[in-house]
Each structure stands twice: as structure tokens, then as C-alpha cells.
>>> print(open('work_1.csv').read())   # CSV, C-alpha atoms
chain,number,residue,atom,x,y,z
A,1,LEU,CA,116.5,106.8,139.9
A,2,ALA,CA,116.0,109.8,137.8
A,3,PRO,CA,112.3,110.4,136.8
A,4,GLY,CA,111.4,108.5,133.6
A,5,CYS,CA,114.4,106.2,133.5
A,6,GLU,CA,112.7,103.1,134.9
A,7,GLY,CA,112.3,101.4,131.5
A,8,GLU,CA,116.0,101.8,130.7
A,9,VAL,CA,116.9,100.3,134.1
A,10,LEU,CA,114.7,97.3,133.4
A,11,ASP,CA,116.3,96.9,130.0
A,12,GLN,CA,119.7,97.0,131.5
A,13,ALA,CA,118.8,94.4,134.1
A,14,THR,CA,117.5,92.1,131.3
A,15,ARG,CA,120.8,92.5,129.4
A,16,LEU,CA,122.9,91.9,132.5
A,17,TRP,CA,120.9,88.8,133.3
A,18,GLU,CA,121.6,87.5,129.8
A,19,HIS,CA,125.3,88.1,130.2
A,20,LEU,CA,125.2,86.3,133.6
A,21,ASP,CA,123.6,83.3,131.8
A,22,GLN,CA,126.6,83.2,129.4
A,23,ILE,CA,129.1,83.5,132.2
A,24,LYS,CA,127.5,80.7,134.1
A,25,HIS,CA,127.4,78.5,130.9
A,26,HIS,CA,131.1,78.9,130.1
A,27,MET,CA,132.2,78.6,133.8
A,28,ALA,CA,130.1,75.4,134.3
A,29,THR,CA,131.5,73.9,131.1
A,30,ALA,CA,135.1,74.6,132.2
A,31,LEU,CA,134.4,73.1,135.6
A,32,ALA,CA,132.8,70.0,134.0
A,33,ARG,CA,136.1,69.5,132.1
A,34,ILE,CA,138.0,69.6,135.4
A,35,GLU,CA,135.6,67.0,136.9
A,36,ALA,CA,135.9,64.8,133.8
A,37,ASN,CA,139.7,64.7,133.9
A,38,GLY,CA,139.7,63.7,137.5
A,39,GLN,CA,141.3,66.8,138.9
A,40,LEU,CA,138.4,68.1,140.9
A,41,LEU,CA,139.2,65.9,143.9
A,42,GLY,CA,142.8,66.8,144.0
A,43,GLU,CA,142.3,70.5,143.4
A,44,GLY,CA,138.9,71.1,144.9
A,45,GLY,CA,138.5,68.4,147.5
A,46,GLN,CA,135.3,67.0,146.0
A,47,ARG,CA,134.6,64.2,143.6
A,48,ASP,CA,131.2,65.5,142.4
A,49,LEU,CA,130.9,68.9,140.7
A,50,ALA,CA,127.5,69.7,142.1
A,51,THR,CA,128.8,69.1,145.6
A,52,TRP,CA,131.8,71.3,145.0
A,53,MET,CA,129.6,74.1,143.7
A,54,ARG,CA,127.2,73.9,146.6
A,55,HIS,CA,130.0,74.3,149.1
A,56,SER,CA,132.2,76.8,147.1
A,57,PHE,CA,129.4,79.0,145.9
A,58,ALA,CA,127.1,78.6,149.0
A,59,ILE,CA,124.1,77.8,146.7
A,60,SER,CA,121.3,75.3,147.0
A,61,ALA,CA,121.6,71.7,145.9
A,62,THR,CA,119.0,72.4,143.2
A,63,GLN,CA,121.0,75.3,141.7
A,64,ALA,CA,124.3,73.3,141.9
A,65,ASN,CA,122.8,70.3,140.2
A,66,GLU,CA,121.3,72.6,137.5
A,67,MET,CA,124.7,74.2,136.8
A,68,ALA,CA,126.6,70.9,136.8
A,69,THR,CA,124.1,69.3,134.5
A,70,VAL,CA,124.3,72.1,131.9
A,71,GLY,CA,128.1,72.2,132.2
A,72,ARG,CA,128.4,68.4,131.7
A,73,THR,CA,126.0,68.6,128.7
A,74,ALA,CA,128.0,71.3,127.0
A,75,MET,CA,131.3,69.6,127.7
A,76,ARG,CA,130.2,66.2,126.4
A,77,GLY,CA,128.2,67.6,123.4
A,78,THR,CA,125.3,65.4,124.2
A,79,PHE,CA,122.6,68.1,123.6
A,80,PRO,CA,124.1,70.2,120.8
A,81,ASP,CA,120.9,72.0,119.8
A,82,THR,CA,120.2,73.0,123.4
A,83,THR,CA,123.8,74.3,123.9
A,84,ARG,CA,123.6,76.3,120.7
A,85,ALA,CA,120.3,77.8,121.7
A,86,LEU,CA,121.8,78.8,125.1
A,87,GLU,CA,124.9,80.3,123.5
A,88,GLU,CA,122.7,82.3,121.0
A,89,GLY,CA,120.4,83.6,123.7
A,90,GLU,CA,117.4,81.6,122.6
A,91,LEU,CA,117.3,79.8,125.9
A,92,SER,CA,118.1,81.0,129.4
A,93,PHE,CA,120.4,79.0,131.6
A,94,GLY,CA,117.4,77.8,133.6
A,95,GLU,CA,115.5,76.8,130.4
A,96,ALA,CA,118.4,74.9,129.1
A,97,ALA,CA,118.7,73.0,132.3
A,98,ALA,CA,114.9,72.3,132.2
A,99,VAL,CA,115.2,70.8,128.7
A,100,VAL,CA,118.2,68.6,129.6
A,101,ALA,CA,116.5,67.4,132.9
A,102,GLY,CA,113.2,66.8,131.1
A,103,VAL,CA,114.9,64.8,128.3
A,104,GLU,CA,117.0,62.7,130.7
A,105,ARG,CA,114.0,61.9,132.9
A,106,ALA,CA,112.0,60.8,129.8
A,107,VAL,CA,114.9,58.6,128.6
A,108,GLU,CA,115.1,57.0,132.0
A,109,LYS,CA,111.4,56.2,132.1
A,110,ARG,CA,110.9,55.1,128.5
A,111,ASN,CA,109.9,51.6,127.6
A,112,SER,CA,113.0,50.1,125.9
A,113,THR,CA,110.8,47.8,123.9
A,114,ASP,CA,108.9,50.6,122.2
A,115,ASN,CA,112.0,52.9,122.1
A,116,PRO,CA,115.1,50.8,122.1
A,117,ASP,CA,117.6,53.5,121.1
A,118,PRO,CA,118.1,56.0,123.9
A,119,VAL,CA,120.1,58.4,121.8
A,120,LEU,CA,117.3,58.6,119.1
A,121,PHE,CA,114.6,59.0,121.8
A,122,ALA,CA,116.6,61.8,123.5
A,123,ALA,CA,117.1,63.6,120.1
A,124,LYS,CA,113.3,63.4,119.5
A,125,MET,CA,112.6,64.9,122.9
A,126,GLU,CA,115.2,67.6,122.6
A,127,HIS,CA,113.9,68.7,119.1
A,128,GLY,CA,110.3,68.6,120.3
A,129,LEU,CA,111.0,70.7,123.4
A,130,LEU,CA,113.0,73.3,121.5
A,131,ALA,CA,110.3,73.6,118.9
A,132,PHE,CA,107.7,74.0,121.7
A,133,LYS,CA,109.8,76.8,123.3
A,134,GLN,CA,110.1,78.5,119.9
A,135,GLU,CA,106.4,78.4,119.3
A,136,ARG,CA,105.7,79.6,122.9
A,137,PRO,CA,108.6,81.9,123.8
A,138,ASN,CA,106.9,83.0,127.1
A,139,THR,CA,106.8,79.4,128.4
A,140,SER,CA,108.3,79.3,131.9
A,141,VAL,CA,110.8,76.8,133.2
A,142,ALA,CA,108.0,74.9,134.9
A,143,GLY,CA,106.1,74.9,131.7
A,144,LEU,CA,109.0,73.2,129.9
A,145,GLY,CA,109.0,70.6,132.6
A,146,ARG,CA,105.3,69.9,132.1
A,147,ALA,CA,105.8,69.8,128.3
A,148,ALA,CA,108.7,67.3,128.7
A,149,HIS,CA,106.4,65.0,130.7
A,150,GLN,CA,103.6,65.2,128.2
A,151,MET,CA,105.9,64.7,125.2
A,152,GLY,CA,107.6,61.7,126.9
A,153,ALA,CA,104.1,60.2,127.4
A,154,ARG,CA,103.2,60.7,123.7
A,155,LEU,CA,106.5,59.1,122.5
A,156,ASP,CA,106.0,56.2,125.0
A,157,PRO,CA,102.4,55.1,124.6
A,158,ASN,CA,102.4,52.7,127.5
A,159,ARG,CA,104.0,55.1,130.0
A,160,VAL,CA,100.7,56.6,131.2
A,161,GLU,CA,99.4,53.1,132.0
A,162,ARG,CA,102.6,52.2,133.8
A,163,ASP,CA,102.5,55.4,135.8
A,164,HIS,CA,98.9,54.7,136.7
A,165,GLU,CA,99.7,51.2,137.8
A,166,ALA,CA,102.6,52.4,139.9
A,167,ALA,CA,100.5,55.0,141.6
A,168,HIS,CA,97.9,52.4,142.5
A,169,ALA,CA,100.5,50.1,143.8
A,170,GLN,CA,101.3,52.7,146.4
A,171,ARG,CA,97.7,52.9,147.5
A,172,GLY,CA,96.5,51.0,150.6
A,173,ALA,CA,94.1,51.2,153.7
A,174,THR,CA,93.5,49.3,156.9
A,175,LEU,CA,90.5,49.3,159.2
A,176,SER,CA,90.9,47.8,162.7
A,177,ARG,CA,88.0,47.3,165.2
A,178,THR,CA,88.7,48.0,168.9
A,179,PHE,CA,87.5,46.0,171.9
A,180,GLY,CA,85.2,49.0,172.7
A,181,GLY,CA,83.2,48.6,169.6
A,182,SER,CA,84.8,51.5,167.7
A,183,PHE,CA,87.4,51.3,164.9
A,184,LEU,CA,90.6,52.9,163.6
A,185,PHE,CA,91.1,53.7,160.0
A,186,GLN,CA,94.4,54.4,158.2
A,187,ALA,CA,95.0,55.0,154.5
A,188,TRP,CA,97.9,56.1,152.2
A,189,GLY,CA,98.3,56.8,148.5
A,190,SER,CA,98.9,59.6,146.0
A,191,ALA,CA,97.9,63.2,146.1
A,192,ALA,CA,94.8,62.5,143.9
A,193,ASP,CA,93.8,59.7,146.4
A,194,ALA,CA,94.1,62.2,149.2
A,195,LEU,CA,91.6,64.5,147.5
A,196,ARG,CA,89.2,61.7,147.0
A,197,LEU,CA,89.4,60.5,150.6
A,198,GLU,CA,89.1,64.1,152.0
A,199,ALA,CA,85.8,64.4,150.1
A,200,VAL,CA,84.6,61.1,151.4
A,201,LEU,CA,85.6,61.9,155.0
A,202,GLU,CA,84.0,65.3,154.8
A,203,SER,CA,80.7,63.6,153.8
A,204,TYR,CA,81.2,60.9,156.5
A,205,ALA,CA,81.7,63.5,159.2
>>> encode(input="work_1.csv", output="C-alpha cells")
Amino acid sequence: LAPGCEGEVLDQATRLWEHLDQIKHHMATALARIEANGQLLGEGGQRDLATWMRHSFAISATQANEMATVGRTAMRGTFPDTTRALEEGELSFGEAAAVVAGVERAVEKRNSTDNPDPVLFAAKMEHGLLAFKQERPNTSVAGLGRAAHQMGARLDPNRVERDHEAAHAQRGATLSRTFGGSFLFQAWGSAADALRLEAVLESYA
């Protein structure tokens, strides 16, 4: 590198990365069309697009699922505002995938009594996450995931209680006394339960 050109190289890298996002977006959309019309198996030897990408591109399952999700979304037109934001450079490819995944998880977990219309619920989630990203442009992909979780809980008032009950349903412990007068103790539960038990055992020891 010539002295003093580091900033220009960083700017070029950013622009190239943005171009790569657009290339991935259009490629994934075209591949999703091939999957939708049933030609992926005959031409590519796989029924599922993520599986084909994983083998053909030698990428991780996470990356393949992310690309397939965004491609299917753009092809079906189910998240129009997210697709538009990706095409206009307001969202990166990874951020668009985080929005879609966060919305889909929230729709799956929603209480259908409080939110009977999945399409309306998804639209509320998508609008909220895009507004959140616009207000906080430096939010990371992980931050969008956390925001989706919190937003889903607000739109579904009973979800926190259900999650709490589900976590406690996984909790358990057994204590068995041995013939020698000692005992064996085994417990299982959530990560939060592990922290509590570690503190208790530290005090016990």
C-alpha cells in the first residue's frame, strides 16, 4: 500500500462489500425461483435450496439458510419493505436475513388468540424492526435479533409468561441416598438455573 492510501482502501472495501450484497441478493432470488418451479432436483440434484448452496458453494449451513431465506422472501414478495431496503442499500444482506428470521420466529411463537392474523402480525414486526434499524443505524445483526425478540414479546403480552413456564418445565433435580450414608445429586434446567445452582454449590463447598 502506498503511504496515506489506507482510508481509500477501506472505502473501496466497503463499496465492494455492498456490491457483493446486491449480487448475493439477485443470485439467491433467481435460485429461489428454480427451487419454486421444481427444477432444482432435476438440474441440481437437491430438493432444498439451502442444501444445494451448502454443497455447491462449500459454505456453512447457517450461511446457506440465510441466503435461501432472503432469496425465497424476495421471490415470494412476502417482505416487500425489507427487500426494498436491501435493494436500496439501507440494509445489508445479513441484516435483511436477521429481520426476516426474527419476524418468522415471532409469528411462529405468537399467541393466535391475541394475534389471529399472521400476515398482520408479520407486517407489524417488519415495520417495527425497519424503524428500529433506521433510528439506530449502527445496530448489529445480533442487535436486530434481540430487538425482534423484545418486539415480539410486546406485541404478544402473554409470551413472556409462556416462555417462563416453558423454561421452568425443563427444570428438575434428583437426590439419591447411598447405602454408605452419602448422597448423589443431579439437576438440570436453563442457563439461568445453572448460574443459581453454581452460586449455591460454591457456598455449599
>>> closest_residue(input="work_1.csv", among="A:Gln134, A:Ile59, A:Ser140, A:Leu155", to="Leu120 (chain A)", atoms="all atoms listed in the file")
A:Leu155
>>> closest_residue(input="work_1.csv", among="A:Ala191, A:Leu129, A:Ala85, A:Ala199", to="Gly143 (chain A)", atoms="all atoms listed in the file")
A:Leu129
>>> closest_residue(input="work_1.csv", among="A:Thr51, A:Arg105, A:Leu91, A:His25", to="Ala74 (chain A)", atoms="all atoms listed in the file")
A:His25
>>> closest_residue(input="work_1.csv", among="A:Met125, A:His55, A:Leu10, A:Pro116", to="Asp81 (chain A)", atoms="only C-alpha atoms")
A:Met125
>>> closest_residue(input="work_1.csv", among="A:Leu1, A:Leu40, A:Ser203, A:Gly102", to="Arg146 (chain A)", atoms="only C-alpha atoms")
A:Gly102
